[in-house]
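Student: Before we start, here is the structure in question, set down as structure tokens.
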Amino acid sequence: LTTNVSDAVWWNKKSYNTTFGKSIIKRQGEGDPEWDSSQYNQILVNETEAFLDDYLGNESSTDPFFAYVALGAVHGPHSPPNTYLDGTKVAGTYKSNHMDMLFEMDKAVGSLVNMIDEKGLAEDTIIIFTSDNGGIKSYASSEQGHNSHGPFRGAKGTVYEGGNRVPMIFRYDGHFPAGETRNNLVGLQDLYATICELTDVDVPNRSARDSLSFAEYIRDGNATSPRKWQATWAYTGGTIKSQSIRKGTLKFIRHISPEVKTELYDLSEDISESNNMAFNATYKKVKKKMIRKLRLIGPCPKRDRKKDFEL
């Protein structure tokens, strides 16, 4: 994934037939002469294995390692490879390129987890599988009967559940219970404090101030999550379009553009966010409280701008 500038070539916006599949360039410009969008995920798998082998072959392999593997699936362009690393057919396996990419992602995650097992690292490695946002808009595979969001409303880029409710799966052999689920509220920002606690690392002063450790909640389903509120913002061109805040099962939404509109849902009874209770007098006080909290915590609280952070 490293390119010498002197070797860069100009790519036009179009599809290219390659040895491994169809590579799609969505924006013209300079790039690696061997770039192939259909190979991106498999390159990451191979480079992760090379990283682990280098780590295990190093004299300092008793030190911790960190591997952040940001798979391209299922971002566009949807250009599945002809086959996976093990020879399994990918392109054309399902009814859409998007669904083929989901299949390849499953294969890639399986390869990464198998690496940890085969290299004897399972009892010393915390594996986290998650996403930074909800699925793409339904057009990608809707004609083939596939919906990435299930019962959830909205998609990536929205403040509805389809835009920000994501899977979060942990594995830590010998340390975390297997086959259990958790149902309380946590956020991706909480991973920072959680990993620090799990690895006995102190959080630097004034760093990650919106991160709350849920390490104990992972270990014990009877424990409670420390997160009581979770806010989300949706932007367009650097301007806030919508914002939301959740406490327990209640979720308040305020749209700012193109028109101001408010919504309130009880997710325990309305996971699809279809019954707007914003104008129900029963919730008048709790709605005001949620508005105040939303203004207080973000997206960039005034209390965090008074002076520079100490890192």
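Identifiers in the structure tokens: chain A, B, ... in order shown; residue index from 1 per chain; ligand index from 1 in order shown.
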For Gln144 of chain A, find every residue with an atom within 10 Å (counting only C-alpha atoms), except residues of its own chain fewer than 2 positions away, and show them as number ranges by chain.

Tutor: A: 94-96, 99, 139-142, 146-147

Student: Would you save the residues of that selection, restricted to N, CA, C and O atoms, as an mmCIF file, in the first residue's frame?

Tutor:
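Saved file out.cif follows:
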```cif
data_model
loop_
_atom_site.group_PDB
_atom_site.id
_atom_site.type_symbol
_atom_site.label_atom_id
_atom_site.label_comp_id
_atom_site.auth_asym_id
_atom_site.auth_seq_id
_atom_site.Cartn_x
_atom_site.Cartn_y
_atom_site.Cartn_z
ATOM 1 N N TYR A 94 -23.446 -13.809 -5.368
ATOM 2 C CA TYR A 94 -24.770 -13.340 -4.964
ATOM 3 C C TYR A 94 -25.374 -12.461 -6.060
ATOM 4 O O TYR A 94 -24.784 -12.294 -7.131
ATOM 5 N N LYS A 95 -26.517 -11.885 -5.780
ATOM 6 C CA LYS A 95 -27.272 -11.193 -6.809
ATOM 7 C C LYS A 95 -26.806 -9.770 -7.090
ATOM 8 O O LYS A 95 -27.279 -9.137 -8.028
ATOM 9 N N SER A 96 -25.902 -9.234 -6.283
ATOM 10 C CA SER A 96 -25.391 -7.878 -6.525
ATOM 11 C C SER A 96 -23.931 -7.808 -6.109
ATOM 12 O O SER A 96 -23.456 -8.610 -5.290
ATOM 13 N N MET A 99 -23.572 -7.362 -2.337
ATOM 14 C CA MET A 99 -23.697 -8.582 -1.549
ATOM 15 C C MET A 99 -22.441 -9.445 -1.687
ATOM 16 O O MET A 99 -22.014 -10.101 -0.723
ATOM 17 N N TYR A 139 -30.352 1.354 -1.993
ATOM 18 C CA TYR A 139 -30.355 1.111 -3.434
ATOM 19 C C TYR A 139 -29.349 0.044 -3.855
ATOM 20 O O TYR A 139 -29.507 -0.596 -4.894
ATOM 21 N N ALA A 140 -28.292 -0.164 -3.066
ATOM 22 C CA ALA A 140 -27.208 -1.045 -3.483
ATOM 23 C C ALA A 140 -27.673 -2.470 -3.760
ATOM 24 O O ALA A 140 -27.191 -3.114 -4.681
ATOM 25 N N SER A 141 -28.593 -2.981 -2.950
ATOM 26 C CA SER A 141 -29.055 -4.349 -3.148
ATOM 27 C C SER A 141 -30.552 -4.508 -2.924
ATOM 28 O O SER A 141 -31.044 -5.625 -2.833
ATOM 29 N N SER A 142 -31.267 -3.394 -2.839
ATOM 30 C CA SER A 142 -32.690 -3.481 -2.522
ATOM 31 C C SER A 142 -33.481 -4.236 -3.591
ATOM 32 O O SER A 142 -34.437 -4.948 -3.275
ATOM 33 N N HIS A 146 -32.216 -7.414 -0.544
ATOM 34 C CA HIS A 146 -31.305 -7.284 0.603
ATOM 35 C C HIS A 146 -31.402 -5.883 1.191
ATOM 36 O O HIS A 146 -31.379 -4.889 0.469
ATOM 37 N N ASN A 147 -31.491 -5.808 2.516
ATOM 38 C CA ASN A 147 -31.542 -4.531 3.220
ATOM 39 C C ASN A 147 -30.556 -4.584 4.374
ATOM 40 O O ASN A 147 -30.746 -5.338 5.329
#
```

Student: So that I can see what lies close to segment 179-187 of chain A, please list as an MDAnalysis selection string the residues with an atom at most 7 Å from it, counting only C-alpha atoms and leaving out residues fewer than 5 positions away in the same chain.

Tutor: chainID A and resid 221 225 227

Student: How would the residues just picked look written out with all heavy atoms as a CSV table (one decimal), in the first residue's frame?

Tutor:
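Result file is part34.csv:
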```csv
chain,number,residue,atom,x,y,z
A,221,GLY,N,-22.4,-9.4,32.4
A,221,GLY,CA,-23.6,-8.9,31.8
A,221,GLY,C,-24.6,-8.3,32.8
A,221,GLY,O,-25.5,-7.6,32.5
A,225,SER,N,-23.8,-0.4,32.0
A,225,SER,CA,-22.9,0.4,31.2
A,225,SER,C,-22.8,1.8,31.8
A,225,SER,O,-23.8,2.3,32.3
A,225,SER,CB,-23.5,0.5,29.8
A,225,SER,OG,-22.8,1.5,29.0
A,227,ARG,N,-22.4,4.5,30.3
A,227,ARG,CA,-23.0,5.5,29.4
A,227,ARG,C,-24.5,5.7,29.6
A,227,ARG,O,-25.2,4.8,29.4
A,227,ARG,CB,-22.6,5.2,27.9
A,227,ARG,CG,-23.2,6.3,27.0
A,227,ARG,CD,-22.5,6.3,25.7
A,227,ARG,NE,-21.1,6.7,25.8
A,227,ARG,CZ,-20.7,8.0,26.0
A,227,ARG,NH1,-21.6,8.9,26.1
A,227,ARG,NH2,-19.4,8.3,26.1
```

Student: Give me the residues within 6 Å of segment 16-33 of chain A as a ChimeraX atom specification, counting only C-alpha atoms and dropping any in the same chain fewer than 5 places off.

Tutor: /A:3,8-11,38,81-82

Student: Using DSSP secondary structure from the backbone, list all strand (DSSP E or B) positions within segment 105-228 of chain A, as a VMD selection string.

Tutor: chain A and resid 127 to 130 168 to 171

Student: As a VMD selection string, please: all residues of segment 38-238 of chain A that backbone DSSP puts in alpha helix (DSSP H).

Tutor: chain A and resid 40 to 56 97 to 118 161 to 164 190 to 198 215 to 219

Student: If you count only C-alpha atoms, which residues fall within 9 Å of Tyr40 of chain A, apart from same-chain ones fewer than 2 positions away, as an mmCIF file with all heavy atoms, in the first residue's frame?

Tutor:
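Saved file selection_19.cif follows:
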```
data_model
loop_
_atom_site.group_PDB
_atom_site.id
_atom_site.type_symbol
_atom_site.label_atom_id
_atom_site.label_comp_id
_atom_site.auth_asym_id
_atom_site.auth_seq_id
_atom_site.Cartn_x
_atom_site.Cartn_y
_atom_site.Cartn_z
ATOM 1 N N LEU A 1 0.815 -1.205 0.000
ATOM 2 C CA LEU A 1 0.000 0.000 0.000
ATOM 3 C C LEU A 1 0.852 1.259 0.000
ATOM 4 O O LEU A 1 0.371 2.340 0.259
ATOM 5 C CB LEU A 1 -0.930 0.002 1.225
ATOM 6 C CG LEU A 1 -1.975 -1.115 1.258
ATOM 7 C CD1 LEU A 1 -2.799 -1.038 2.527
ATOM 8 C CD2 LEU A 1 -2.879 -1.047 0.041
ATOM 9 N N TRP A 35 -2.684 -0.313 -8.943
ATOM 10 C CA TRP A 35 -3.902 -0.218 -8.135
ATOM 11 C C TRP A 35 -5.026 -1.046 -8.736
ATOM 12 O O TRP A 35 -5.276 -1.021 -9.936
ATOM 13 C CB TRP A 35 -4.356 1.227 -8.009
ATOM 14 C CG TRP A 35 -5.665 1.351 -7.285
ATOM 15 C CD1 TRP A 35 -6.874 1.679 -7.816
ATOM 16 C CD2 TRP A 35 -5.886 1.099 -5.902
ATOM 17 N NE1 TRP A 35 -7.841 1.663 -6.839
ATOM 18 C CE2 TRP A 35 -7.269 1.305 -5.650
ATOM 19 C CE3 TRP A 35 -5.062 0.726 -4.834
ATOM 20 C CZ2 TRP A 35 -7.833 1.149 -4.391
ATOM 21 C CZ3 TRP A 35 -5.622 0.561 -3.587
ATOM 22 C CH2 TRP A 35 -6.993 0.778 -3.370
ATOM 23 N N ASP A 36 -5.695 -1.796 -7.853
ATOM 24 C CA ASP A 36 -6.819 -2.642 -8.266
ATOM 25 C C ASP A 36 -7.806 -2.648 -7.118
ATOM 26 O O ASP A 36 -7.556 -3.266 -6.071
ATOM 27 C CB ASP A 36 -6.320 -4.063 -8.577
ATOM 28 C CG ASP A 36 -7.429 -4.986 -9.043
ATOM 29 O OD1 ASP A 36 -8.603 -4.603 -8.970
ATOM 30 O OD2 ASP A 36 -7.111 -6.114 -9.471
ATOM 31 N N SER A 37 -8.924 -1.948 -7.281
ATOM 32 C CA SER A 37 -9.892 -1.822 -6.186
ATOM 33 C C SER A 37 -10.446 -3.177 -5.750
ATOM 34 O O SER A 37 -10.856 -3.354 -4.601
ATOM 35 C CB SER A 37 -11.046 -0.896 -6.581
ATOM 36 O OG SER A 37 -11.787 -1.416 -7.668
ATOM 37 N N SER A 38 -10.450 -4.155 -6.650
ATOM 38 C CA SER A 38 -10.984 -5.474 -6.297
ATOM 39 C C SER A 38 -10.055 -6.234 -5.354
ATOM 40 O O SER A 38 -10.457 -7.231 -4.758
ATOM 41 C CB SER A 38 -11.241 -6.308 -7.557
ATOM 42 O OG SER A 38 -10.029 -6.748 -8.139
ATOM 43 N N GLN A 42 -8.004 -7.953 0.268
ATOM 44 C CA GLN A 42 -7.062 -9.062 0.336
ATOM 45 C C GLN A 42 -5.634 -8.566 0.583
ATOM 46 O O GLN A 42 -4.845 -9.242 1.245
ATOM 47 C CB GLN A 42 -7.152 -9.895 -0.938
ATOM 48 C CG GLN A 42 -8.523 -10.556 -1.091
ATOM 49 C CD GLN A 42 -8.638 -11.447 -2.306
ATOM 50 O OE1 GLN A 42 -7.889 -12.409 -2.443
ATOM 51 N NE2 GLN A 42 -9.577 -11.142 -3.192
ATOM 52 N N ILE A 43 -5.323 -7.380 0.066
ATOM 53 C CA ILE A 43 -4.019 -6.780 0.360
ATOM 54 C C ILE A 43 -3.902 -6.514 1.855
ATOM 55 O O ILE A 43 -2.863 -6.788 2.481
ATOM 56 C CB ILE A 43 -3.823 -5.475 -0.437
ATOM 57 C CG1 ILE A 43 -3.645 -5.789 -1.933
ATOM 58 C CG2 ILE A 43 -2.621 -4.691 0.073
ATOM 59 C CD1 ILE A 43 -3.631 -4.568 -2.825
ATOM 60 N N LEU A 44 -4.982 -6.002 2.454
ATOM 61 C CA LEU A 44 -4.963 -5.740 3.895
ATOM 62 C C LEU A 44 -4.769 -7.026 4.694
ATOM 63 O O LEU A 44 -4.035 -7.054 5.692
ATOM 64 C CB LEU A 44 -6.257 -5.058 4.329
ATOM 65 C CG LEU A 44 -6.426 -3.587 3.951
ATOM 66 C CD1 LEU A 44 -7.731 -3.052 4.521
ATOM 67 C CD2 LEU A 44 -5.269 -2.752 4.459
ATOM 68 N N VAL A 45 -5.416 -8.097 4.275
ATOM 69 C CA VAL A 45 -5.260 -9.384 4.957
ATOM 70 C C VAL A 45 -3.802 -9.842 4.878
ATOM 71 O O VAL A 45 -3.204 -10.239 5.886
ATOM 72 C CB VAL A 45 -6.198 -10.446 4.347
ATOM 73 C CG1 VAL A 45 -5.860 -11.835 4.887
ATOM 74 C CG2 VAL A 45 -7.654 -10.109 4.658
ATOM 75 N N LEU A 71 -11.075 -2.417 6.713
ATOM 76 C CA LEU A 71 -11.461 -3.023 5.445
ATOM 77 C C LEU A 71 -12.233 -2.023 4.572
ATOM 78 O O LEU A 71 -12.971 -1.181 5.082
ATOM 79 C CB LEU A 71 -12.330 -4.257 5.696
ATOM 80 C CG LEU A 71 -11.641 -5.413 6.436
ATOM 81 C CD1 LEU A 71 -12.657 -6.489 6.785
ATOM 82 C CD2 LEU A 71 -10.525 -6.002 5.590
ATOM 83 N N GLY A 72 -12.064 -2.141 3.268
ATOM 84 C CA GLY A 72 -12.767 -1.259 2.349
ATOM 85 C C GLY A 72 -14.222 -1.632 2.197
ATOM 86 O O GLY A 72 -15.069 -0.793 1.886
ATOM 87 N N ALA A 73 -14.542 -2.907 2.403
ATOM 88 C CA ALA A 73 -15.926 -3.363 2.292
ATOM 89 C C ALA A 73 -16.735 -2.771 3.445
ATOM 90 O O ALA A 73 -16.268 -2.740 4.576
ATOM 91 C CB ALA A 73 -15.979 -4.891 2.344
#
```

Student: Quick one: distance from atom CA of Ser211 of chain A to atom CA of Asp190 of chain A in Å, one decimal?

Tutor: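 Distance between the two atoms: 4.3 Å.
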
Student: Atom CA of Thr239 of chain A and atom CA of Thr262 of chain A, how far apart in Å?

Tutor: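 Value for the atom CA of Thr262 of chain A-atom CA of Thr239 of chain A distance: 17.8 Å.
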
Student: Quick check, in Å to one decimal: how far apart do atom CA of Lys288 of chain A and atom CA of Lys156 of chain A lie?

Tutor: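 If I compute the distance from atom CA of Lys288 of chain A to atom CA of Lys156 of chain A, I get 27.3 Å.
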
Student: Identify, on the basis of only C-alpha atoms, every residue whose closest approach to Tyr235 of chain A does not exceed 9 Å; exclude the query and any residue fewer than 6 positions from it along the same chain; express the result as a list in words.

Tutor: Gly157, Thr158, Lys241, Ser242 and Gln243 of chain A
